[in-house]
file final_25.txt (compact mmCIF, C-alpha atoms and all ligand atoms)
# COMPACT_ATOMS: atom_id res chain seq x y z
CA MET A 1 -12.44 -35.47 14.35
CA LYS A 2 -15.74 -35.72 16.13
CA LYS A 3 -16.39 -39.03 17.79
CA ILE A 4 -19.52 -40.45 19.28
CA LEU A 5 -19.77 -42.96 22.11
CA THR A 6 -21.60 -44.15 25.22
CA SER A 7 -22.66 -41.88 28.04
CA VAL A 8 -21.36 -42.07 31.59
CA LEU A 9 -24.05 -39.63 32.62
CA ALA A 10 -26.00 -42.16 34.63
CA LEU A 11 -22.98 -42.70 36.83
CA ALA A 12 -22.65 -38.98 37.32
CA MET A 13 -26.22 -38.48 38.37
CA GLY A 14 -26.41 -41.47 40.68
CA VAL A 15 -24.43 -40.05 43.58
CA SER A 16 -25.65 -37.17 45.70
CA LEU A 17 -23.40 -34.47 47.10
CA VAL A 18 -23.53 -33.76 50.80
CA GLY A 19 -22.14 -30.89 52.83
CA CYS A 20 -20.50 -28.83 50.12
CA GLY A 21 -19.57 -25.42 51.54
CA GLU A 22 -18.22 -22.42 49.65
CA THR A 23 -14.64 -23.13 50.58
CA THR A 24 -14.02 -26.78 51.14
CA ASP A 25 -15.41 -30.22 50.67
CA ASN A 26 -12.87 -32.85 51.52
CA SER A 27 -15.08 -35.89 51.50
CA SER A 28 -13.43 -38.96 50.11
CA ALA A 29 -14.38 -41.67 47.67
CA SER A 30 -16.09 -44.88 48.57
CA SER A 31 -13.56 -47.39 49.79
CA SER A 32 -14.71 -49.86 47.15
CA GLY A 33 -13.09 -47.84 44.35
CA SER A 34 -10.05 -49.47 42.80
CA LYS A 35 -8.20 -46.16 42.36
CA SER A 36 -8.85 -44.86 45.88
CA ASP A 37 -5.13 -44.36 46.44
CA LYS A 38 -5.31 -41.41 44.03
CA THR A 39 -6.77 -38.04 44.97
CA VAL A 40 -7.74 -35.33 42.51
CA GLY A 41 -7.99 -31.67 43.48
CA ILE A 42 -10.77 -29.63 41.91
CA ALA A 43 -10.68 -25.83 42.14
CA MET A 44 -13.93 -24.09 41.14
CA PRO A 45 -14.29 -20.29 41.06
CA THR A 46 -17.44 -19.63 43.07
CA LYS A 47 -20.76 -20.97 44.19
CA SER A 48 -22.45 -17.68 43.38
CA LEU A 49 -22.66 -18.43 39.63
CA GLU A 50 -24.97 -21.35 39.06
CA ARG A 51 -23.04 -23.38 36.57
CA TRP A 52 -19.98 -23.98 38.78
CA ASN A 53 -22.19 -25.74 41.33
CA ARG A 54 -23.19 -28.12 38.60
CA ASP A 55 -19.60 -28.54 37.37
CA GLY A 56 -18.35 -29.25 40.89
CA GLU A 57 -21.07 -31.80 41.50
CA TYR A 58 -20.67 -33.63 38.19
CA LEU A 59 -16.89 -33.74 38.49
CA LYS A 60 -16.97 -34.93 42.09
CA ASN A 61 -19.59 -37.60 41.41
CA GLN A 62 -17.91 -38.89 38.28
CA PHE A 63 -14.42 -39.05 39.78
CA GLU A 64 -15.71 -40.74 42.92
CA ALA A 65 -17.71 -43.23 40.88
CA ALA A 66 -14.47 -44.03 39.03
CA GLY A 67 -12.79 -44.72 42.38
CA TYR A 68 -10.82 -41.54 43.01
CA LYS A 69 -10.78 -39.46 46.17
CA VAL A 70 -11.81 -35.88 45.55
CA GLU A 71 -10.83 -32.63 47.19
CA LEU A 72 -13.20 -29.90 45.92
CA LYS A 73 -12.78 -26.20 46.71
CA TYR A 74 -14.77 -23.12 45.79
CA SER A 75 -12.85 -19.87 46.19
CA ASP A 76 -15.58 -17.20 46.36
CA ASN A 77 -14.38 -15.45 43.17
CA ASP A 78 -11.29 -14.31 45.11
CA THR A 79 -7.99 -14.89 43.32
CA THR A 80 -5.93 -14.86 46.53
CA GLN A 81 -8.19 -17.47 48.02
CA GLN A 82 -7.98 -19.60 44.89
CA ASN A 83 -4.18 -19.51 45.01
CA ASN A 84 -4.30 -20.47 48.70
CA ASP A 85 -6.79 -23.25 48.06
CA ILE A 86 -4.63 -24.71 45.28
CA GLN A 87 -1.51 -24.44 47.43
CA GLY A 88 -3.41 -26.30 50.14
CA MET A 89 -4.26 -29.11 47.73
CA ILE A 90 -0.61 -29.29 46.58
CA ALA A 91 0.43 -29.55 50.25
CA ASP A 92 -2.15 -32.30 50.71
CA GLY A 93 -0.41 -34.25 47.98
CA VAL A 94 -3.19 -34.48 45.38
CA ASN A 95 -2.17 -36.49 42.31
CA LEU A 96 -3.77 -34.19 39.75
CA LEU A 97 -5.34 -30.72 39.70
CA MET A 98 -8.20 -29.45 37.60
CA ILE A 99 -8.75 -25.75 37.84
CA ALA A 100 -11.46 -23.40 36.60
CA ALA A 101 -9.50 -20.18 37.10
CA ILE A 102 -11.07 -17.05 38.53
CA ASP A 103 -8.40 -14.99 36.77
CA GLY A 104 -6.36 -17.05 34.33
CA SER A 105 -3.34 -14.80 34.69
CA THR A 106 -2.86 -15.01 38.47
CA LEU A 107 -1.89 -18.64 38.97
CA SER A 108 1.61 -18.88 37.43
CA GLN A 109 3.57 -19.00 40.68
CA THR A 110 1.24 -21.46 42.35
CA LEU A 111 1.37 -23.70 39.31
CA ASP A 112 5.19 -23.60 39.42
CA GLU A 113 4.77 -25.26 42.81
CA ALA A 114 2.47 -27.88 41.28
CA LYS A 115 5.02 -28.56 38.58
CA ALA A 116 7.82 -28.86 41.12
CA ALA A 117 5.68 -31.44 42.94
CA ASN A 118 5.02 -33.30 39.65
CA ILE A 119 1.28 -32.66 39.84
CA PRO A 120 -0.28 -32.44 36.37
CA VAL A 121 -2.77 -29.61 35.83
CA ILE A 122 -5.86 -29.53 33.62
CA ALA A 123 -7.32 -26.10 32.85
CA TYR A 124 -11.04 -26.68 33.21
CA ASP A 125 -13.34 -24.57 31.03
CA ARG A 126 -11.15 -21.43 31.32
CA LEU A 127 -7.60 -21.38 29.96
CA ILE A 128 -4.83 -20.68 32.49
CA MET A 129 -2.40 -18.17 31.06
CA ASN A 130 1.38 -17.61 31.18
CA THR A 131 2.50 -20.96 32.51
CA ASP A 132 3.94 -24.13 31.04
CA ALA A 133 2.55 -26.10 33.99
CA VAL A 134 -0.81 -26.69 32.30
CA SER A 135 -0.95 -30.03 30.51
CA TYR A 136 -4.42 -29.92 28.92
CA TYR A 137 -7.42 -27.68 28.46
CA VAL A 138 -10.97 -29.08 28.52
CA SER A 139 -13.70 -26.65 27.47
CA PHE A 140 -16.29 -25.89 24.83
CA ASP A 141 -15.61 -24.22 21.53
CA ASN A 142 -15.87 -20.78 23.09
CA TYR A 143 -15.78 -18.77 19.86
CA THR A 144 -18.68 -20.86 18.56
CA VAL A 145 -20.73 -19.99 21.66
CA GLY A 146 -20.63 -16.32 20.63
CA LYS A 147 -21.06 -17.14 16.95
CA LEU A 148 -24.26 -19.07 17.72
CA GLN A 149 -25.62 -16.02 19.57
CA GLY A 150 -24.77 -13.69 16.68
CA GLU A 151 -26.22 -16.05 14.08
CA PHE A 152 -29.37 -16.44 16.14
CA VAL A 153 -29.85 -12.66 16.09
CA ARG A 154 -29.15 -12.57 12.36
CA ASP A 155 -31.80 -15.22 11.72
CA GLN A 156 -34.41 -13.78 14.10
CA LEU A 157 -34.17 -10.34 12.52
CA GLY A 158 -33.79 -11.76 9.01
CA LEU A 159 -30.81 -9.48 8.52
CA ASP A 160 -30.01 -10.76 5.05
CA ASN A 161 -33.38 -9.59 3.71
CA ALA A 162 -34.87 -7.06 6.14
CA ALA A 163 -34.19 -3.38 5.52
CA GLY A 164 -33.63 -2.46 9.18
CA PRO A 165 -32.02 -0.66 10.76
CA PHE A 166 -32.27 -2.51 14.07
CA ASN A 167 -30.76 -1.42 17.36
CA ILE A 168 -28.49 -3.67 19.41
CA GLU A 169 -26.53 -3.42 22.67
CA PHE A 170 -23.82 -5.82 23.83
CA THR A 171 -23.06 -7.11 27.33
CA ALA A 172 -19.87 -9.15 27.64
CA GLY A 173 -18.20 -11.11 30.43
CA ASP A 174 -15.37 -10.84 32.92
CA PRO A 175 -12.11 -9.48 31.43
CA ALA A 176 -10.18 -11.77 33.82
CA ASP A 177 -11.80 -14.81 32.17
CA ASN A 178 -9.99 -15.79 28.98
CA ASN A 179 -13.27 -17.17 27.59
CA ALA A 180 -15.03 -13.81 27.68
CA GLY A 181 -13.18 -12.35 24.69
CA TYR A 182 -13.90 -15.45 22.59
CA PHE A 183 -17.63 -15.21 23.34
CA PHE A 184 -17.76 -11.51 22.50
CA ASN A 185 -15.68 -11.79 19.33
CA GLY A 186 -17.68 -14.78 18.10
CA ALA A 187 -20.92 -12.83 18.45
CA TYR A 188 -19.60 -9.52 17.18
CA GLU A 189 -17.91 -11.00 14.14
CA ALA A 190 -21.08 -12.90 13.18
CA LEU A 191 -22.85 -9.53 13.09
CA GLN A 192 -20.03 -7.28 11.93
CA SER A 193 -21.03 -7.06 8.25
CA TYR A 194 -24.55 -5.94 9.22
CA ILE A 195 -23.14 -3.37 11.64
CA ASP A 196 -20.74 -2.11 8.96
CA ALA A 197 -23.64 -1.90 6.48
CA GLY A 198 -25.74 0.14 8.93
CA LYS A 199 -28.46 -2.52 9.21
CA LEU A 200 -27.57 -3.03 12.83
CA VAL A 201 -26.93 0.09 14.89
CA ILE A 202 -25.44 0.37 18.39
CA PRO A 203 -27.05 3.55 19.80
CA SER A 204 -24.68 3.64 22.80
CA GLY A 205 -21.68 3.34 20.49
CA LYS A 206 -20.23 0.72 22.86
CA LYS A 207 -18.74 -1.80 20.49
CA GLU A 208 -15.43 -2.68 22.12
CA PHE A 209 -15.16 -5.61 24.55
CA GLU A 210 -13.67 -3.36 27.26
CA GLN A 211 -16.67 -1.00 27.06
CA VAL A 212 -19.22 -3.74 27.64
CA ALA A 213 -17.29 -6.16 29.89
CA THR A 214 -18.86 -7.23 33.20
CA PRO A 215 -16.36 -7.92 36.02
CA SER A 216 -17.04 -11.25 37.80
CA TRP A 217 -19.90 -11.87 35.36
CA SER A 218 -22.03 -10.07 37.95
CA THR A 219 -25.79 -9.96 37.45
CA ASP A 220 -26.01 -6.73 39.47
CA THR A 221 -23.35 -5.00 37.40
CA ALA A 222 -25.02 -6.10 34.16
CA LEU A 223 -28.31 -4.76 35.50
CA GLU A 224 -26.81 -1.38 36.41
CA ASN A 225 -24.95 -1.05 33.12
CA MET A 226 -28.10 -1.77 31.14
CA GLN A 227 -30.14 0.66 33.24
CA ASN A 228 -27.55 3.35 32.48
CA THR A 229 -27.60 2.52 28.77
CA LEU A 230 -31.40 2.66 28.67
CA ALA A 231 -31.47 5.97 30.55
CA SER A 232 -28.82 7.56 28.33
CA TYR A 233 -29.79 6.29 24.87
CA TYR A 234 -33.34 4.96 24.92
CA SER A 235 -35.39 7.33 27.10
CA ASP A 236 -36.37 9.30 23.98
CA GLY A 237 -38.33 6.32 22.62
CA THR A 238 -35.49 4.72 20.68
CA VAL A 239 -36.38 1.06 20.12
CA LEU A 240 -34.08 -1.64 21.50
CA ASP A 241 -34.28 -4.69 19.26
CA VAL A 242 -31.49 -6.84 20.70
CA ALA A 243 -29.58 -7.17 23.96
CA LEU A 244 -26.76 -9.53 23.11
CA CYS A 245 -25.52 -10.96 26.41
CA SER A 246 -22.58 -13.35 26.57
CA ASN A 247 -24.04 -15.57 29.28
CA ASP A 248 -27.01 -16.21 31.54
CA SER A 249 -25.78 -14.44 34.68
CA THR A 250 -25.43 -11.19 32.72
CA ALA A 251 -28.63 -11.84 30.73
CA LEU A 252 -30.49 -12.11 34.04
CA GLY A 253 -29.49 -8.55 35.00
CA VAL A 254 -30.06 -7.17 31.51
CA ALA A 255 -33.54 -8.72 31.29
CA GLN A 256 -34.36 -7.25 34.68
CA ALA A 257 -33.26 -3.79 33.50
CA ILE A 258 -35.39 -4.13 30.37
CA THR A 259 -38.41 -5.21 32.41
CA SER A 260 -38.10 -2.30 34.83
CA ASP A 261 -36.56 0.52 32.77
CA TYR A 262 -37.31 0.03 29.07
CA ALA A 263 -40.20 2.15 27.84
CA GLY A 264 -40.73 0.44 24.46
CA SER A 265 -43.58 -1.96 23.82
CA ASN A 266 -41.54 -4.61 21.98
CA ALA A 267 -39.79 -7.53 23.67
CA PRO A 268 -36.12 -7.22 22.68
CA ILE A 269 -34.21 -10.37 21.74
CA VAL A 270 -32.05 -11.33 24.73
CA THR A 271 -29.31 -13.96 24.32
CA GLY A 272 -27.54 -15.99 26.99
CA GLN A 273 -25.39 -19.03 27.67
CA ASP A 274 -25.44 -21.93 30.17
CA GLY A 275 -29.06 -22.94 30.74
CA ASP A 276 -29.25 -21.58 34.28
CA ILE A 277 -32.59 -22.32 35.92
CA ALA A 278 -33.64 -18.66 36.38
CA ASN A 279 -32.87 -18.00 32.72
CA LEU A 280 -34.80 -21.02 31.52
CA LYS A 281 -37.74 -19.61 33.45
CA ASN A 282 -37.24 -16.26 31.69
CA ILE A 283 -37.20 -18.09 28.36
CA VAL A 284 -40.57 -19.70 29.18
CA ASP A 285 -41.88 -16.26 30.23
CA GLY A 286 -40.59 -14.58 27.05
CA ILE A 287 -38.14 -12.31 28.91
CA GLN A 288 -35.06 -14.06 27.46
CA THR A 289 -35.05 -15.47 23.94
CA MET A 290 -32.35 -18.12 23.86
CA THR A 291 -29.42 -19.63 25.68
CA VAL A 292 -26.39 -21.40 24.28
CA TYR A 293 -26.31 -24.67 26.14
CA LYS A 294 -23.11 -26.39 27.20
CA ASN A 295 -23.55 -29.83 28.70
CA VAL A 296 -21.16 -29.58 31.65
CA SER A 297 -21.78 -33.18 32.63
CA ASP A 298 -20.15 -34.13 29.32
CA GLU A 299 -17.36 -31.65 30.06
CA ALA A 300 -16.79 -33.49 33.35
CA SER A 301 -16.79 -36.84 31.51
CA VAL A 302 -14.10 -35.70 29.09
CA THR A 303 -12.09 -34.31 32.00
CA LEU A 304 -12.34 -37.65 33.77
CA GLU A 305 -11.05 -39.54 30.74
CA VAL A 306 -8.16 -37.10 30.25
CA SER A 307 -7.28 -37.40 33.94
CA LYS A 308 -7.42 -41.19 33.90
CA ALA A 309 -5.06 -41.28 30.93
CA ILE A 310 -2.61 -38.85 32.54
CA LEU A 311 -2.66 -40.71 35.85
CA ALA A 312 -2.01 -43.96 34.00
CA GLY A 313 1.12 -42.38 32.54
CA ASN A 314 -0.30 -41.96 29.03
CA THR A 315 -0.36 -38.89 26.78
CA PRO A 316 -3.98 -38.26 25.80
CA ASP A 317 -4.64 -37.26 22.20
CA ALA A 318 -7.50 -37.36 19.68
CA ASN A 319 -7.95 -41.11 20.19
CA LEU A 320 -9.28 -40.49 23.66
CA LEU A 321 -12.51 -39.19 22.14
CA SER A 322 -13.33 -42.52 20.54
CA SER A 323 -14.40 -43.91 23.91
CA LEU A 324 -16.67 -40.99 24.82
CA SER A 325 -20.28 -40.13 24.11
CA ALA A 326 -19.69 -36.40 24.15
CA GLU A 327 -19.25 -34.71 20.79
CA ALA A 328 -15.88 -32.97 20.94
CA SER A 329 -12.74 -32.23 18.99
CA PHE A 330 -9.06 -32.35 19.90
CA ASP A 331 -7.25 -29.15 19.00
CA THR A 332 -3.55 -28.45 19.44
CA GLU A 333 -3.48 -25.06 17.72
CA SER A 334 -6.26 -22.73 18.86
CA TYR A 335 -5.43 -22.08 22.50
CA ASN A 336 -2.07 -20.48 23.19
CA ASN A 337 -1.66 -19.36 26.80
CA GLY A 338 1.24 -17.01 26.15
CA VAL A 339 3.82 -19.75 26.77
CA LYS A 340 2.62 -22.70 24.71
CA ASN A 341 -0.22 -24.12 22.66
CA VAL A 342 -2.24 -26.03 25.22
CA PRO A 343 -3.70 -29.26 23.77
CA SER A 344 -7.45 -28.79 24.03
CA TYR A 345 -10.56 -30.92 24.10
CA LEU A 346 -13.42 -28.73 22.90
CA LEU A 347 -17.03 -29.82 23.28
CA VAL A 348 -19.87 -28.62 21.09
CA PRO A 349 -22.44 -26.04 22.32
CA TYR A 350 -25.94 -25.67 20.90
CA VAL A 351 -28.87 -23.24 20.96
CA ILE A 352 -31.90 -23.71 23.19
CA THR A 353 -35.11 -21.67 22.78
CA LYS A 354 -38.58 -21.94 24.28
CA ASP A 355 -39.44 -24.45 21.56
CA SER A 356 -36.53 -26.76 22.30
CA LEU A 357 -36.52 -26.93 26.11
CA GLN A 358 -37.41 -30.61 25.95
CA LYS A 359 -33.91 -31.20 24.55
CA LEU A 360 -32.57 -30.26 27.97
CA VAL A 361 -34.91 -32.72 29.66
CA ASP A 362 -33.63 -35.36 27.26
CA THR A 363 -30.10 -34.90 28.66
CA GLY A 364 -31.34 -36.21 32.02
CA LEU A 365 -29.98 -33.11 33.73
CA TYR A 366 -33.29 -31.20 33.80
CA GLN A 367 -36.90 -32.11 34.43
CA TRP A 368 -40.25 -30.35 34.06
CA ASP A 369 -41.76 -29.03 37.29
CA SER A 370 -45.05 -30.40 38.59
CA ASP A 371 -47.02 -27.97 36.38
CA ASN A 372 -45.03 -28.97 33.29
CA LYS A 373 -44.27 -25.31 32.80
CA TYR A 374 -40.73 -24.55 33.98
CA LEU A 375 -37.59 -26.65 34.13
CA GLU A 376 -35.76 -27.62 37.29
CA SER A 377 -32.39 -29.25 37.68
CA THR A 378 -32.06 -32.92 38.50
CA ALA A 379 -28.70 -32.16 40.15
CA SER A 380 -28.72 -32.02 43.92
CA THR A 381 -26.95 -28.69 44.47
CA THR A 382 -28.89 -26.40 42.13
C1 LIG B 401 -18.01 -20.03 31.35
C2 LIG B 401 -19.45 -19.69 31.12
C3 LIG B 401 -20.00 -18.96 32.32
C4 LIG B 401 -19.10 -17.83 32.79
C5 LIG B 401 -19.55 -17.26 34.11
C6 LIG B 401 -17.26 -18.78 31.71
O1 LIG B 401 -15.90 -19.05 31.87
O2 LIG B 401 -17.46 -20.64 30.19
O3 LIG B 401 -20.17 -20.87 30.88
O4 LIG B 401 -21.25 -18.40 32.00
O5 LIG B 401 -17.78 -18.28 32.93
O6 LIG B 401 -19.69 -18.24 35.07
call {"tool": "encode", "arguments": {"input": "final_25.txt", "output": "structure tokens", "more": "lines below"}}
Ligand code: BGC
result
Amino acid sequence: MKKILTSVLALAMGVSLVGCGETTDNSSASSSGSKSDKTVGIAMPTKSLERWNRDGEYLKNQFEAAGYKVELKYSDNDTTQQNNDIQGMIADGVNLLMIAAIDGSTLSQTLDEAKAANIPVIAYDRLIMNTDAVSYYVSFDNYTVGKLQGEFVRDQLGLDNAAGPFNIEFTAGDPADNNAGYFFNGAYEALQSYIDAGKLVIPSGKKEFEQVATPSWSTDTALENMQNTLASYYSDGTVLDVALCSNDSTALGVAQAITSDYAGSNAPIVTGQDGDIANLKNIVDGIQTMTVYKNVSDEASVTLEVSKAILAGNTPDANLLSSLSAEASFDTESYNNGVKNVPSYLLVPYVITKDSLQKLVDTGLYQWDSDNKYLESTASTT
């Protein structure tokens, strides 16, 4: 069901974003756009995690280039604020909402209001739970993100042939984010048989998602948790071979803890996700080993096509992908939000290491710095 087509990336990157504060950016589309009578409301969780700045920018630029007006809000990782922000956009009469939820289970009442006002809702990247008001979900194959991390560790350690045992610690994401469990399970299940066989050992014993979760995906919390783990289980010279981190914001803290508090002489494998600039620097410097990359410009492109179809009164399905360059699948079975199976467009993530950084440059979203050593973003907000 994977379809290939032409990129609208150039459009996305052509427009620069001005004056985007943490809470509100109500700038409107160019008056030349043919669809400028329609406004879309975009709710992003926070500016404090790098990727959402990129998502907000790509979405805004692409929708404006397609002639829509855009109302874009960031809600400072505060669920009350996000509810208020969305209610504000409903009151403003937006024609469609796309929401990256801070906590997928806290929006039901607000989305009842959207439904009453006939405003369709797209869950962007994170599934919104316990509501029938969500029409579509656009994200990546979240389980595969974790699976790629687990398989990377398997291959790096040569777990099928090496005797081991190797030591591993897990750091997972925000329990309020429905994605976090998929990432953790994908990684854990890829490694489970080696853990069961004793080839991979978890010295802290923390193998449940709840034990290793990181509220708000906070770098500082991940740092503190790793420092505590190192102090409690590794100060006797125990070797840490792998720190499996679900994403880059947590990997940043974990890598910092390893740099400052780990006594061993080896460089543990550290995984991540997103391709955040600070993490790409750590990959060049050998402090992080890999990141699972998700092209969020493509995620924005798919979201734009889904939105266009909905606003034109159509019911998007698998055929929508035939006009898109992004590799993605249409899935009506995998994502149940407690009320219904939400039809989902799932893009394909892939692994980036020090040896494949050029692949990111090839997307047009990154460039080498003047020393050709580190990557920087070509987006204007990051
Ligand atoms: C996203 C990840 C991101 C994390 C923290 C998740 O919902 O899918 O890409 O790293 O949130 O921002």
call {"tool": "residues_near_ligand", "arguments": {"input": "final_25.txt", "ligand": "ligand LIG 401 (chain B)", "cutoff": "10 Å", "atoms": "only C-alpha atoms and all ligand atoms", "output": "PyMOL selection string"}}
result
chain A and resi 45-52+100-103+124-127+139-142+145+173-174+176-180+182-183+216-218+246-251+272-276+292-296
call {"tool": "closest_residue", "arguments": {"input": "final_25.txt", "among": "A:Leu321, A:Ala309, A:Ile42, A:Ala65", "to": "Met89 (chain A)", "atoms": "all atoms listed in the file"}}
result
A:Ile42
call {"tool": "atom_distance", "arguments": {"input": "final_25.txt", "atom1": "CA of Val239 (chain A)", "atom2": "CA of Ile195 (chain A)"}}
result
16.3 Å
call {"tool": "residues_around", "arguments": {"input": "final_25.txt", "residues": "Ser265 (chain A)", "least_positions_apart": "5", "cutoff": "12 Å", "atoms": "all atoms listed in the file", "output": "list in words"}}
result
Gly237, Thr238, Val239, Leu240, Asp241, Ile258 and Thr259 of chain A
call {"tool": "residues_around", "arguments": {"input": "final_25.txt", "residues": "Glu224 (chain A)", "least_positions_apart": "6", "cutoff": "12 Å", "atoms": "all atoms listed in the file", "output": "JSON, numbers by chain"}}
result
{"A": [171, 212, 214, 218, 230, 231, 250, 252, 253, 254, 255, 256, 257, 258, 260, 261]}
call {"tool": "write_last_selection", "arguments": {"input": "final_25.txt", "atoms": "C-alpha atoms", "output": "JSON list (two decimals), in the coordinates of the input"}}
result
[["chain", "number", "residue", "atom", "x", "y", "z"],
["A", 171, "THR", "CA", -23.06, -7.11, 27.33],
["A", 212, "VAL", "CA", -19.22, -3.74, 27.64],
["A", 214, "THR", "CA", -18.86, -7.23, 33.20],
["A", 218, "SER", "CA", -22.03, -10.07, 37.95],
["A", 230, "LEU", "CA", -31.40, 2.66, 28.67],
["A", 231, "ALA", "CA", -31.47, 5.97, 30.55],
["A", 250, "THR", "CA", -25.43, -11.19, 32.72],
["A", 252, "LEU", "CA", -30.49, -12.11, 34.04],
["A", 253, "GLY", "CA", -29.49, -8.55, 35.00],
["A", 254, "VAL", "CA", -30.06, -7.17, 31.51],
["A", 255, "ALA", "CA", -33.54, -8.72, 31.29],
["A", 256, "GLN", "CA", -34.36, -7.25, 34.68],
["A", 257, "ALA", "CA", -33.26, -3.79, 33.50],
["A", 258, "ILE", "CA", -35.39, -4.13, 30.37],
["A", 260, "SER", "CA", -38.10, -2.30, 34.83],
["A", 261, "ASP", "CA", -36.56, 0.52, 32.77]]
call {"tool": "atom_distance", "arguments": {"input": "final_25.txt", "atom1": "CA of Gln149 (chain A)", "atom2": "CA of Thr271 (chain A)"}}
result
6.4 Å
